[in-house]
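Below: the structure, in structure tokens.
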Amino acid sequence: MTLMAIALLGCSSDDETTIAVHAASSLETALSEIAEGFTANTGTEIELVFAGSASLASGIVEGREADVFASANSTVMRRVVAADLVDVAPETFTRNRLALVVPSHDPADLLTSLDALGSAAVALCAAEVPCGQLAIEAIDLLGLNIDPITEESNVSAVLAKVELGEVDAGFVYQSDLRRSSVREIPLLEVGAITNEYQVVVLRNAEPAPAAQAFVEYLTSPAAQQVFESLGFEPL
Amino acid sequence: MSRVPRAVGVVAALALALLALPLLGLLERTPWHRFGELITSDSALEALRLSAIVSSLATIVVVLLGFPIAWLLARSSFRGRDLARTLVLLPMVLPPVVGGTALLFVLGRRGFVGELLDRWFGVVLLGSTAGAVIAASFVALPFFVVTVESALREADQELEEAAATLGASPAFIMGRVTLPQIRSSIAAGLALAWARALGEFGATITFAGNRPGRTRTLPLEIFIALESDPDAAIALSLVLVAVSLVVLVSLRGKWLRR
């Protein structure tokens, strides 16, 4: 009985091609839209799994089945490459820019001056995940002295803390701004601090041509237009 | 033995496998040659120390708040008692992340209580150990209350009545007649609440955030370590398994020996 139930849970219909794409959570809005376009064009269904890049990489290295992996930076991607799970080199398909944001009512008055940032309640991603690595890079470049009151495991959690007004400021991606009420503080003096999203077809991808087609579609004009409209940096 | 149908045994074995295999998986993957180093790294020790502090403080909060409720629920009948009992039990079945979200909307900076805390006292619970203690207390409270309440119900009330006829006050009766009878249940409630607080994750990360040294307890440390250093996550998980087993063994006299 139990075995039968497990078998039923595990089965999927075979009459259409489906590929599993594991992607960084900051890609959620963009890839959901892009996957729809891809399915309309090719008939290939895309099963999207979003989570922090690092935990997705851990899952894939531990043997979780995925056909395509899209990471928010090259450091995390290297873990999958190092585990000997790919035959091709990962490709960069879009970029994002770090953004310092405050709640719409700006409780610490940071829009006027960044001086108070050192004593403000700031949220960032943990150093273990790409958005955290990017934030730490920015803090170093800006010479800021920040003691974050929380280190979240993904950028959406940081954004939520800012939106709710639980923190005075947070470091998120530029592409998060469109779907949010937060306000950005420009960090012009350090220029753009960007990350590169990389994608790769995993060796055990099934069917590999469909997975490869999706990876190629990410750099197509149609997909690039979606990225751009959501605030990603052009390639 | 012979009275149990074979199929029952088979399903029971499956159930045991479901529970045991993950533990075996953990043991199988444990990097024993680095085990000592992994559980004594700076961040691991910081999380261990914080976990001990937070779960112990939460247990104190749970006893102070939980004993009066248990007493009330066990010994008095009042309008809304069933409602009160349901409220007390709720955190046991509520997903901790829901509890954390609810706490955030009351005690967070924009919550109706949290806003006053911030304005009047400059107290912000996000990123503070106090926040982690509140989250742990929220999830651990029912375990203590349920255990103590049922013990109070089972305690010999004739002795109490005898004490009362001799002129003892209710507080004296509780302290000198009832409590000595339910000592082992109180210890069990303490151990369960402490263990639950130690393992608390969802409400903590949602309500108190993830701040090294302040709110990053062992479960949060494991969660973050999984992102970058799975070996450390496995080693620390094993520490929590060991602690849980110690708690269960210490409770053996109470529940497992029937």
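Residues are named by chain letter and number: chains run A, B, ... in the order of the structure tokens, numbers start at 1 in each chain, and ligands are numbered from 1 in the order shown.
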
- Counting only C-alpha atoms, collect the residues of chain A whose closest atom lies at most 10 Å from chain B, and write them out as a ChimeraX atom specification. /A:1-3,52-59,62,76,79,121-129,147-153,157,161,164-167

- Task: Please give the complete set of residues from stretch 9-229 of chain B that DSSP, run on the backbone, assigns to alpha helix (DSSP H), formatted as a VMD selection string.
- Result: chain B and resid 9 to 29 35 to 39 42 to 75 81 to 93 96 to 107 114 to 116 129 to 154 157 to 165 170 to 173 179 to 181 183 to 199 202 to 203 218 to 228

- Item | Residue contacts of A:Ala23 (6 Å, only C-alpha atoms) excluding same-chain residues fewer than 6 positions away, as a list in words |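 Counting only the stated atoms, we get Phe50, Phe69 and Ala70 of chain A.
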
- Just the residues within 9 Å of stretch 111-119 of chain A, please, counting only C-alpha atoms, with nothing from its chain fewer than 4 positions along; format it as number ranges by chain. A: 102, 106, 144-147, 168-169, 183-185

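The protein and nucleic acid residues lying at most 8 Å from B:Val62 are Ala58, Gly66, Phe67, Ser137, Ala140, Leu141, Phe144 and Ala193 of chain B, with only C-alpha atoms considered and sequence neighbours fewer than 4 positions away removed.
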
If we count only C-alpha atoms and set the cut-off at 9 Å, which residues sit around B:Leu89, ignoring sequence neighbours fewer than 6 positions away in its own chain? Please answer as a PDB file with C-alpha atoms, in the first residue's frame.
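Saved as around10.pdb:
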ATOM      1  CA  LEU B 141       5.276  26.701  26.359  1.00  0.00           C
ATOM      2  CA  PRO B 142       2.610  24.113  25.433  1.00  0.00           C
ATOM      3  CA  PHE B 143       4.932  21.176  26.141  1.00  0.00           C
ATOM      4  CA  VAL B 145       1.733  23.253  30.287  1.00  0.00           C
ATOM      5  CA  VAL B 146       0.304  20.023  28.857  1.00  0.00           C
TER       6      VAL B 146
END
